Structures are given as C-alpha cells and as structure tokens.
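In what follows, a structure is listed as structure tokens, so that the remarks can point back to it.
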Protein chains: 4
Amino acid sequence: MKKTVVDLNCDMGESFGRYKLGLDEEVIKLISSANVGCGFHAGDPHVMRNTVALAKEHGVAVGAHPGLPDLLGFGRREMKVTPEEVKDYFIYQVGALKAFVEIAGMKLQHVKMHGALDTMARADEELTRAMCEATRGISPDLVWLAHAGSRGVEIARIMGLKVIQEVYADRAYNADKSLVSRTLPGAVLKDPQQVGARIKQLIETGAITTIDGKTLELGFDSICVHGDTPGALEMIGTIRGTLADHDVAIRPMAELI
Amino acid sequence: MKKTVVDLNCDMGESFGRYKLGLDEEVIKLISSANVGCGFHAGDPHVMRNTVALAKEHGVAVGAHPGLPDLLGFGRREMKVTPEEVKDYFIYQVGALKAFVEIAGMKLQHVKMHGALDTMARADEELTRAMCEATRGISPDLVWLAHAGSRGVEIARIMGLKVIQEVYADRAYNADKSLVSRTLPGAVLKDPQQVGARIKQLIETGAITTIDGKTLELGFDSICVHGDTPGALEMIGTIRGTLADHDVAIRPMAELI
Amino acid sequence: MKKTVVDLNCDMGESFGRYKLGLDEEVIKLISSANVGCGFHAGDPHVMRNTVALAKEHGVAVGAHPGLPDLLGFGRREMKVTPEEVKDYFIYQVGALKAFVEIAGMKLQHVKMHGALDTMARADEELTRAMCEATRGISPDLVWLAHAGSRGVEIARIMGLKVIQEVYADRAYNADKSLVSRTLPGAVLKDPQQVGARIKQLIETGAITTIDGKTLELGFDSICVHGDTPGALEMIGTIRGTLADHDVAIRPMAELI
Amino acid sequence: MKKTVVDLNCDMGESFGRYKLGLDEEVIKLISSANVGCGFHAGDPHVMRNTVALAKEHGVAVGAHPGLPDLLGFGRREMKVTPEEVKDYFIYQVGALKAFVEIAGMKLQHVKMHGALDTMARADEELTRAMCEATRGISPDLVWLAHAGSRGVEIARIMGLKVIQEVYADRAYNADKSLVSRTLPGAVLKDPQQVGARIKQLIETGAITTIDGKTLELGFDSICVHGDTPGALEMIGTIRGTLADHDVAIRPMAELI
C-alpha cells in the first residue's frame, strides 16, 4: 500500500556554548520532527531553549535525543554503563528538555537514543528496556522512535510504548535490517538520485534494496535525515521533492499513530 | 503570636559519582523538606534518584536546589552570568529533578537557589527575577524558598510565586536581615544551647537578636539546618527538641501556605 | 625608531571534540606565534597535539593560552577565583601543553591569559602575580605576553619574567591604553584600510590614535590577530601586506627579546 | 632469594573540589610511592598541588595515575577509545602532574594506569603500547608500574621503559597472574593475618598461593596498598610490620632499578 504521509526527523540542538554544529535554522524548515540534544553528548540549556523556540516557530514537533555523558566524544564512544545508570541519564535529560518544551507551550513528542547508546542497545536488551522504562515513566504518551524492524521496536511495544519506526534515507542496509557500518564502502549514500530512488521505492513498495541486492520490506513511518553533512540541505530537498511528486504529506510522527 | 508549626529544610543529594557528601540517610529522618542538588554544583542522576527515594521513604517533601555550572567550585564561586543564562540553568535543573520526583509518584514542592546564586541574586534583582520566572514557568505551584525579610521575597511575590521565608538556625544575622559573612568571627553558631535559645526566641516572639545586639523581627515558616558539618545531627536534635518542648509541629513547607 | 621586525600572534587550538572553531589550517601559514588552548575554556588533548603538529609544520612558535574552567562560557565569564586557584589552573594547563610541545621536539615559547582571566587580572594584581608565578615556576624561559603598556607588563617584569608587549590590530584603544569595550560602538575595527593605516602608524611612529583622537605611544613587539571572525584571513593579509610594504619581518616573539 | 627492600605504592590525590576521598594525610606516612590522580577520573589542580606537597614533606616519591575522562564513573567504566585518544589523554595528564612535581623541586618517578584503563589494556595491546609511548615520550626516565607477570610488563620493556612490577597485598590471584574479579567471593582479602602471611610468603619465596591453591611465582618490587577502604590504615600497618619483622626496607621504586 502506497504511503500517503510520513514524518521527517533530524537531529538538532547539538551546538554547545560558543561551538556551533549543524544548519538548524535551515533544516528546521524542511522537517516535521526534531531530535533535540539534551546536554550530555551535545546541547546546553541555552541551545535547548533556542532549539525548542525554533521548532515552535516552524511548527516542528520536538523529541528528546539523550546521549552518554561524553561531550568530548559526542556520545559516540561506547561506555560500560549499567541499565540503571542509563535509565537515570534518560530521566535526567528527557526531564530537562521536557521542561523547556512545556514552558514554550508545547508537548514533548518523542524520544530517540543518540549515538553509542543506539549501538549498545542493539547488543544488550536490558539497556533498551531501561531506556524504555525511563521514557514510559516520564510520560506514557511519549513516542519511542526506533530503527524499522529492530528488536528494540518489539521491546518498546511489549513495554507499552507507542513506537514509530524510522528508515535512514542516506544509509545502506544489511539484510538483517541493520545499517551498514560507516567503516565499509558504500555505507553512506551521497548521490541524491540514488536517495531519491530509494525514497520512491520505500513509498511505493515499503521496501528497500540492501547492499547485497536483496529486497527488504521495512514497515516505517518516519525518515531520518541529516543536517550536519556537506550537501545536507540539497539531500533533504531531494527527499522532499520525491515525496511531493508522489503526493506524500509530511507530518510530525505523533499524528501518524 | 507563637508558632505552632514550622518546616525544617536541609540541603541533600550533594554527593557525586564515587564522592559522598553529607549524612543524608540520618538527616532525612529529622527534617520535613529536602533541597536536592540537580547536577550542576553537586548531585548526579543516580544520586538524584536515590535522594528522591530516600525522601519518599521518610515522608519528606522534595525541592530543587539548582546551582551554577561549577562542580569544581561546588557552585560557591560567583560567575558573571546573564539573567537569561541563569534562567536556562534553572529550567534545565529543575526540569531534570522534577522528572525523578514525578516518576517516584511525588510532586516537586519548592525551589531554592544554591550557593553563589543566592549571593548574586541579592546584588542583582534581574537575576532573581530570571530564576523566579523559570520556577513559575515550570509550575505556578512551586514554592519559592527565600531568606526571611529579603528583597527576593518581595520580588517572588510580585511575580506571583508562593513564598516561604526561612531563617538559618546556626548563622548570626546583621541588622539588615542579611547573614553575617562566614569570614567574620561569630558568623556560625556552634553552641547547641545558643541555637536552642534562638529557636525559642523565634517561636515565642518571631524575632532574633542580631550580632550587634538588636532585636530583629523575622516573619518565617521554615528553619534551614545543615547536614554536612561536624555535630550536624546533634544540632538538628537540639532544634527538634526545642520545637517539641514548645509544642511546635514540623511539617513540609507546602502545608504552611 | 621604525620597527624592522614584529611577531604576529593568534589564538588557535580552540576546537573541542567534534566541535571545530577557527581557521587554524589557514591562519597558521600567516602568523609567527600561536596561543594554544589548554582544555579548560577550549581545546582538548587531541586538538592540542594536532595544533602543535600544525605549528611545527609551519615553523610557528607555540605558547600556552590557559583559561578559566568554563567550557560552556568559553572562559569569557568572570569567576570569583582565588589567586591560589588561578595559579594551580595555570600550572595544570601550561604543564599539559608543554608535554605535547616537548614530545613534538619543540620548546614552549610563551604564556598568554585567555578571556575573562585577562579582564580579571587588570582589576586584581594578586591574580596577575599568581599567574606570573605559575609561569615562572614552570620555566623562567617562558615569555609573558601582555597588553602593551599595561600594569601587567610591569608586574611580570618585577617578577623576573621576560615580557613581550602586544597590540591588537583590530581593536580601538582608550587613552589609558585599555581596549574599548566590545559593547561600545567602534570597538572593533572592521575596515582593512583602517587596520592597515594603524599598522603603518605603529611601525613608523610606535603610536596609535585612540578612539577619542589622541596619539598614544605603545611599546610593542607583537601584533595580535584573530582567526575566527568573518574576513579574518583578509584582515591578516592586509596586516602582512602593510608589514611587507614597510620591510618589517615577521618572527616568533622569543627572537625579539 | 629473600627480598631485602620493596616499594609500597598507594593511590592518592583522588579528592575533587569539595569532595574528599581517602586518608591521604595518614597513608602518606606509611608508603614510599604515591600514584597521584591527574584530573580526569579524580583529582583537580588544587588537590594535585597539595598531594605533591604532602608527598614531598614525607619523602614519598610521586607518580602519575592517569585515567579515563569520566569523573562521574571515577574512570572505572570501560570506554571505546582509540590508542591515539588514550595516548593524548596520557600526555595531557602526565604533563600536568609533572609540572606540579617539578615546581615542588621534585622529579616525577613513575606512571600507572588507573581503573578501566588497566582492564582495557589487558585486552588490547595497542592501548598498552599507546600509553607506554606517551610515557616514554614525556621522559625515558619514567618508571612504568605494572602488574607482576603481565603482558604489559613485556610490552613496556620492549618499548624501552624501565618497569617495576607490583603485587596487590589484598587481592586474590588467578593462576594466570590476573586478579580475581571483585564480583567473585574471596576476591578481596580483608583479614590482616591472611595478608601478613601472604607478604611473608612473597618476601621469603617470591610466590603467592592462588585462589585455587596453586603456588604462583611473581617477580615483583612493589606492593600496592589501598588507602580508601575501611581498615586501610591497620592493613598497611600489618604489611609494614611484616616487612619490618623480616628486615625488609621500604624505598621508592626508582631506587630499586
């Protein structure tokens, strides 16, 4: 069944103090859901407030993007943390962002794991459960945003969370629905035409072609795009153009449940 | 008019990682309101969760005790921050603690400035207003805990916040209702008898004797005690004994409004 | 007496983790001395090593640029620290950078206060003395780089340090040799012609014209340029061009003592 | 061959800001070498200066004890860092401590990995090599302090470092010369008599009895003791008493090479 509406999500609010990262002011105009840094791997209170204001101005829904307490490593280095530690880090960060969102008169929409937490969660179900528990504890209305077809989707559902599945517009997939490691050739799709073709395929058939040429069905409602790479704006433009050509509307993920 | 009920508040949750500070497990049994560190000057997500659980177990109400982003200086060193920066630090920290409190099935009761923020607020009304705005924005139900008779009490009231005024059981006062600087002799009262006499005077007459012998009336509903000094438990015991002797009940501050 | 040689110094190595700041790779080709961040206000161990390697590759001398422990505020917010605290922060940061410099087979050339430390030092001679003591303690060969004509120059000399005085190419001066506050109009010179004219005046007469039109003599041996502002490279190009037109060589400051 | 002299080493300088850890003032009187925290996992510039001063006062040699950049986890949580990252962390931390040591008129004696770095080094020779390279680069005179009989001892020697091997007085050993994990029963020896007997055995025979009853020969010149556990001082007293009874002198490790 052809898609008629999808969400576009993108990481935002990853600047820190005097350090600026990403093209938030431009990207915000092109997406429907923002994953906002919460101060551990990136972001600070000032950046969080500004990012929430920016999202509000452009009618974009806000989600929390909590990470490991490792600003130096941008939350991308795995750390041996316990499920209890991760749960507490989630409550702290999501709670902090929620306060900014509510003061702005909005409602926090979703939660998405950042960086190494995502990698670690795939290898350790207890960690996934701990993060889901934190999210559910903060509000049962929060949407859990997770990789389409991943074990994390099942775990979150079993725990009673609403789940939205996402695909990556610009990453190659393995046959087991995991992303091809960035260290391998072809992992990142840089050709807008290739990305456009994938979006078309996803919308029309609900499937993608894996790196080894197989056809892989992926239930999904959100497409993850990037705002901090060269050519990011053009790539998002291509995706939006393809969606428009196929009469697919772009709406925040909470409206798709 | 003689007091029949007061709140006893104390700073708690100021440990960090492997570092332990304060006698929280003992002090919690003796107070009615806990001012809990929020991770900037002290405290971490794990400590926050544990401190909230401890408070719940002992029927103690929880307040937020946000500080400057200066763990190394324990939030006690003044920093030239703008009102907007302080406001954002408050939203972040109070929001984070509120999440832990609500997940524990409790309601965040109050907010109290920590360390140098308190000193800075006295010299800059804009800073006080910024912190009050953050607090009111998070919830109009939050109580603003401030020095009895201070300008900050007025500001918070004008801004529509509920205010509870506190006196320090073990600190000498100047005639202008400010605390005598710790750098001056006699600033800290270490004699339990002297503290007991002050509590008696406060309860019976609503006044204290200043360091230069004047009688100073102080409207108040909460007494601040310390849990991290030598003899802390004995001192709190003396205060509680004096209150009991005069039939003064101890209740969380929110019940006194 | 006309100048025949000057040093050009510039702040460098102020990136952090994934955050990039400044045009180090370009600027390094245009200067003779680099003030390298040491991890407190900016910079990290990886950035420090890379910046030292970059300086070595281009024959640029390396100095330490220690700051306050405030990454969030980029070391630009004044903090109430004691002389002893500042001294320890200097020893720590300069010692750390010195290790990278020596492992690269170079010698640490100079030390320059960063951001708010510079402002604080002007108001508190004890702080200046503390930082000079730390510098002298690490090595009596280290050059103290300070504002031309400032009290700090005298203090450092009295303490036995070699001193190089610097002028700012792109900042307006008050009659007392202090920089015009950035909050005032005209504080920052943005017109390359104006900057070129100032450099010419400095080289030929050893004086500049203050913001209120007075002529101010300034002994100096180094010119501070900026690498993180729009048009930075063009501005440095203008300065270098003016120096070349007047047969002024550019050499690391240690060679000018 | 019976030992006639050994080194006693102990972790020190692990306080941070207002947080105090360990009984440094007491322990320093009982040891010959101090492993001093360098600000990443514990310690701060002020603590480092004070600890170096304390060591000097008591004739104790100072070594660096660098850790992972994880104050919250006390450097005890493994992190996926690259050899290059670890090398830079070592240069930074050892360089910083070296500056304090030299300003005090002493010479930095040794380097010892802290916490999870030690665990990670056992599983990844590249990490060990990176840390050894950093140490050698700072000074070829620095002693590398490592577990008796470990692969790390060989690597350090191949790289040209002087090595001192240490045994843990209060930890059970596996037959492969590794320490029994703290999570297993019997991992930590708490009985002074048992520890005394082990010290006697080590001195007289150069061997210990493993947790499964085997006799294990261990070349060693230093004994690691702990200063932050209950009964720490008594335990060190027992060890010193046993050494005295057997006419074994206690000297800083650099004198034993």
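Every chain in the structure tokens takes a letter, A first, then B, and so on in the order presented; its residues are numbered from 1, and the ligands are numbered from 1 following the presented order.
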
May I have a table of the residues of chain D lying at most 6 Å from chain C, giving each one's closest pair of atoms and their distance in Å to one decimal, counting only C-alpha atoms, ordered by chain and ascending residue number, as CSV?
residue,atom,partner,partner_atom,distance
D:Pro45,CA,C:Asp88,CA,5.3
D:His46,CA,C:Asp88,CA,5.9
D:Asp88,CA,C:Pro45,CA,5.3
D:Tyr89,CA,C:Pro45,CA,6.0
D:Tyr92,CA,C:Ala96,CA,4.6
D:Gly95,CA,C:Ala96,CA,4.4
D:Ala96,CA,C:Ala96,CA,4.3
D:Ala99,CA,C:Gly95,CA,4.9
D:Ile103,CA,C:Gly137,CA,5.6
D:Gly137,CA,C:Ile103,CA,5.6

Could you dump the residues just selected with N, CA and C atoms as a short mmCIF file (atom, residue, chain, number, x, y, z; two decimals), in the first residue's frame?
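Final output, saved to selection.cif:
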data_model
loop_
_atom_site.label_atom_id
_atom_site.label_comp_id
_atom_site.auth_asym_id
_atom_site.auth_seq_id
_atom_site.Cartn_x
_atom_site.Cartn_y
_atom_site.Cartn_z
N PRO D 45 43.45 20.50 40.00
CA PRO D 45 44.75 21.18 40.12
C PRO D 45 45.13 21.49 41.58
N HIS D 46 44.18 21.89 42.38
CA HIS D 46 44.43 22.20 43.78
C HIS D 46 44.83 20.94 44.56
N ASP D 88 46.93 10.62 23.88
CA ASP D 88 46.79 12.05 24.13
C ASP D 88 46.32 12.33 25.57
N TYR D 89 45.43 11.49 26.08
CA TYR D 89 44.98 11.67 27.47
C TYR D 89 46.15 11.50 28.44
N TYR D 92 48.54 14.56 28.22
CA TYR D 92 47.92 15.70 28.89
C TYR D 92 48.02 15.58 30.42
N GLY D 95 51.69 15.25 31.78
CA GLY D 95 52.34 16.56 31.64
C GLY D 95 51.87 17.53 32.71
N ALA D 96 50.59 17.52 33.00
CA ALA D 96 50.06 18.44 34.01
C ALA D 96 50.64 18.12 35.38
N ALA D 99 54.33 19.08 35.88
CA ALA D 99 54.57 20.49 36.16
C ALA D 99 54.47 20.77 37.67
N ILE D 103 57.71 21.98 39.93
CA ILE D 103 57.64 23.24 40.65
C ILE D 103 57.93 23.02 42.14
N GLY D 137 57.64 9.18 25.78
CA GLY D 137 57.81 10.47 25.12
C GLY D 137 57.98 11.60 26.11
#

Would you mind listing what lies within 10 Å of range 75-78 of chain D as a list of chain:residue names, with only C-alpha atoms counted and same-chain residues fewer than 6 positions away left out? A:Arg77, A:Glu78, A:Met79, A:Lys80, A:Val81, A:Thr82, D:Phe40, D:His41, D:Ala42, D:Pro66, D:Gly67, D:Leu68, D:Pro69, D:His114, D:Gly115, D:Ala116, D:Leu117, D:Asp118, D:Thr119, D:Met120

For Gln109 in chain A: contacts at 12 Å, only C-alpha atoms, fewer than 3 positions along chain excluded, given as a CSV table (one decimal) with N, CA, C and O atoms, in the first residue's frame:
chain,number,residue,atom,x,y,z
A,9,ASN,N,12.4,13.2,10.4
A,9,ASN,CA,13.1,13.6,11.6
A,9,ASN,C,14.6,13.9,11.4
A,9,ASN,O,15.2,13.3,10.5
A,32,SER,N,9.7,17.6,10.0
A,32,SER,CA,8.4,17.7,10.8
A,32,SER,C,8.7,17.3,12.3
A,32,SER,O,7.9,17.6,13.2
A,33,SER,N,9.8,16.6,12.6
A,33,SER,CA,10.2,16.3,14.0
A,33,SER,C,11.7,16.5,14.2
A,33,SER,O,12.5,16.1,13.4
A,34,ALA,N,12.0,17.2,15.3
A,34,ALA,CA,13.4,17.5,15.7
A,34,ALA,C,13.8,16.6,16.9
A,34,ALA,O,13.1,16.6,17.9
A,35,ASN,N,15.0,15.9,16.8
A,35,ASN,CA,15.5,15.2,17.9
A,35,ASN,C,16.5,16.1,18.5
A,35,ASN,O,17.6,16.4,18.0
A,36,VAL,N,16.2,16.6,19.7
A,36,VAL,CA,17.0,17.7,20.3
A,36,VAL,C,18.0,17.2,21.4
A,36,VAL,O,17.6,16.5,22.3
A,52,VAL,N,14.1,24.7,20.9
A,52,VAL,CA,12.7,24.5,21.1
A,52,VAL,C,11.9,25.7,20.5
A,52,VAL,O,10.9,25.5,19.8
A,55,ALA,N,11.8,25.3,16.7
A,55,ALA,CA,10.9,24.3,16.3
A,55,ALA,C,9.4,24.8,16.4
A,55,ALA,O,8.6,24.6,15.5
A,60,VAL,N,7.3,22.5,14.0
A,60,VAL,CA,8.0,21.2,14.1
A,60,VAL,C,7.9,20.6,15.5
A,60,VAL,O,8.0,21.3,16.5
A,61,ALA,N,7.6,19.4,15.6
A,61,ALA,CA,7.4,18.7,16.9
A,61,ALA,C,8.8,18.4,17.5
A,61,ALA,O,9.8,18.1,16.7
A,62,VAL,N,8.9,18.4,18.8
A,62,VAL,CA,10.2,18.2,19.5
A,62,VAL,C,10.2,16.9,20.2
A,62,VAL,O,9.3,16.5,20.9
A,63,GLY,N,11.4,16.2,20.0
A,63,GLY,CA,11.7,15.0,20.7
A,63,GLY,C,13.0,15.1,21.4
A,63,GLY,O,13.8,16.0,21.1
A,64,ALA,N,13.2,14.3,22.4
A,64,ALA,CA,14.5,14.3,23.2
A,64,ALA,C,15.5,13.3,22.5
A,64,ALA,O,15.1,12.2,22.1
A,65,HIS,N,16.7,13.7,22.6
A,65,HIS,CA,17.8,12.9,21.9
A,65,HIS,C,18.9,12.7,23.0
A,65,HIS,O,20.0,13.2,22.8
A,94,VAL,N,15.7,13.7,29.5
A,94,VAL,CA,14.4,13.9,29.0
A,94,VAL,C,13.6,14.9,29.9
A,94,VAL,O,12.9,15.8,29.4
A,97,LEU,N,14.7,18.5,29.1
A,97,LEU,CA,14.2,19.0,27.8
A,97,LEU,C,12.7,19.2,27.9
A,97,LEU,O,12.1,20.2,27.4
A,98,LYS,N,12.0,18.3,28.6
A,98,LYS,CA,10.5,18.4,28.7
A,98,LYS,C,10.2,19.8,29.4
A,98,LYS,O,9.2,20.4,29.0
A,101,VAL,N,10.3,22.4,26.7
A,101,VAL,CA,9.2,22.3,25.8
A,101,VAL,C,7.9,22.8,26.4
A,101,VAL,O,7.2,23.5,25.7
A,102,GLU,N,7.7,22.4,27.6
A,102,GLU,CA,6.4,22.8,28.2
A,102,GLU,C,6.3,24.3,28.5
A,102,GLU,O,5.3,24.9,28.4
A,106,MET,N,4.5,23.8,24.4
A,106,MET,CA,4.4,22.6,23.5
A,106,MET,C,4.3,21.4,24.4
A,106,MET,O,4.4,21.4,25.6
A,112,LYS,N,14.5,9.5,21.3
A,112,LYS,CA,15.3,8.7,20.4
A,112,LYS,C,16.7,8.6,21.0
A,112,LYS,O,17.3,9.6,21.4
A,135,THR,N,11.5,6.4,29.7
A,135,THR,CA,10.6,7.1,28.8
A,135,THR,C,9.2,7.0,29.2
A,135,THR,O,8.4,7.9,29.3
A,138,ILE,N,8.3,8.8,32.4
A,138,ILE,CA,8.2,10.3,32.2
A,138,ILE,C,6.8,10.6,31.7
A,138,ILE,O,6.1,11.5,32.1
A,139,SER,N,6.4,9.9,30.7
A,139,SER,CA,5.0,10.0,30.1
A,139,SER,C,4.7,8.9,29.2
A,139,SER,O,5.4,8.6,28.2
A,140,PRO,N,3.6,8.2,29.4
A,140,PRO,CA,3.2,7.1,28.5
A,140,PRO,C,2.8,7.6,27.2
A,140,PRO,O,2.6,6.8,26.2
A,141,ASP,N,2.7,8.9,27.0
A,141,ASP,CA,2.3,9.5,25.7
A,141,ASP,C,3.5,9.6,24.8
A,141,ASP,O,3.4,9.9,23.6
A,142,LEU,N,4.7,9.5,25.4
A,142,LEU,CA,5.9,9.7,24.5
A,142,LEU,C,6.1,8.6,23.5
A,142,LEU,O,5.9,7.5,23.8
A,143,VAL,N,6.4,9.0,22.3
A,143,VAL,CA,6.6,8.1,21.2
A,143,VAL,C,8.1,7.6,21.3
A,143,VAL,O,9.0,8.4,21.5
A,144,TRP,N,8.3,6.3,21.1
A,144,TRP,CA,9.7,5.7,21.0
A,144,TRP,C,10.0,5.6,19.6
A,144,TRP,O,9.4,4.9,18.8
A,145,LEU,N,11.1,6.3,19.2
A,145,LEU,CA,11.5,6.3,17.8
A,145,LEU,C,12.6,5.4,17.6
A,145,LEU,O,13.7,5.5,18.2
A,162,LYS,N,4.2,3.6,22.6
A,162,LYS,CA,3.9,3.8,21.2
A,162,LYS,C,5.2,3.9,20.5
A,162,LYS,O,6.2,4.5,20.9
A,163,VAL,N,5.3,3.2,19.3
A,163,VAL,CA,6.5,3.2,18.6
A,163,VAL,C,6.3,3.7,17.2
A,163,VAL,O,5.3,3.4,16.5
A,164,ILE,N,7.3,4.5,16.7
A,164,ILE,CA,7.4,4.9,15.3
A,164,ILE,C,8.7,4.3,14.8
A,164,ILE,O,9.7,4.5,15.4
A,252,PRO,N,4.3,15.5,11.6
A,252,PRO,CA,5.0,15.0,12.8
A,252,PRO,C,4.5,13.6,13.2
A,252,PRO,O,3.4,13.3,13.0
A,253,MET,N,5.5,12.8,13.7
A,253,MET,CA,5.2,11.4,13.9
A,253,MET,C,4.0,11.1,14.8
A,253,MET,O,3.3,10.1,14.6
A,254,ALA,N,3.8,11.9,15.8
A,254,ALA,CA,2.7,11.7,16.7
A,254,ALA,C,1.3,11.6,16.0
A,254,ALA,O,0.4,11.0,16.5
A,255,GLU,N,1.2,12.3,14.9
A,255,GLU,CA,0.0,12.3,14.1
A,255,GLU,C,-0.2,11.0,13.3
A,255,GLU,O,-1.2,10.8,12.7
A,256,LEU,N,0.8,10.2,13.3
A,256,LEU,CA,0.8,9.0,12.4
A,256,LEU,C,0.5,7.7,13.2
A,256,LEU,O,0.6,6.6,12.6
A,257,ILE,N,0.2,7.9,14.4
A,257,ILE,CA,-0.1,6.7,15.3
A,257,ILE,C,-1.6,6.5,15.4
A,257,ILE,O,-2.3,7.4,15.7

At what distance in Å, to one decimal, does CA of Val167 in chain B lie from CA of Glu126 in chain B? 23.5 Å

Could you tell me how far CA of Gln201 in chain C sits from CA of Val248 in chain C, in Å to one decimal place?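 It comes out at 12.9 Å.
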
Just want the 8 Å neighbourhood of Arg129 in chain A, counted on only C-alpha atoms, with same-chain residues fewer than 6 positions away dropped. Output as an MDAnalysis selection string. chainID A and resid 83 155:156 159

Filtered DSSP result for range 46-218 of chain B, state strand (DSSP E), as an MDAnalysis selection string: chainID B and resid 61:65 110:111 143:147 162:168 207:209 215:217

What is the distance, in Å and to one decimal place, between CA of Arg251 in chain B and CA of Leu8 in chain B? 7.5 Å

List as a VMD selection string the protein and nucleic acid residues near Gly152 in chain B, meaning an atom at most 8 Å away when only C-alpha atoms are counted, but skip any in the same chain fewer than 3 places from it. chain B and resid 121 to 122 125 128 146 to 147 155 to 156

Would you give me, as number ranges by chain, the residues in range 8-56 of chain D that DSSP reads as alpha helix (DSSP H)? D: 24-27, 45-56
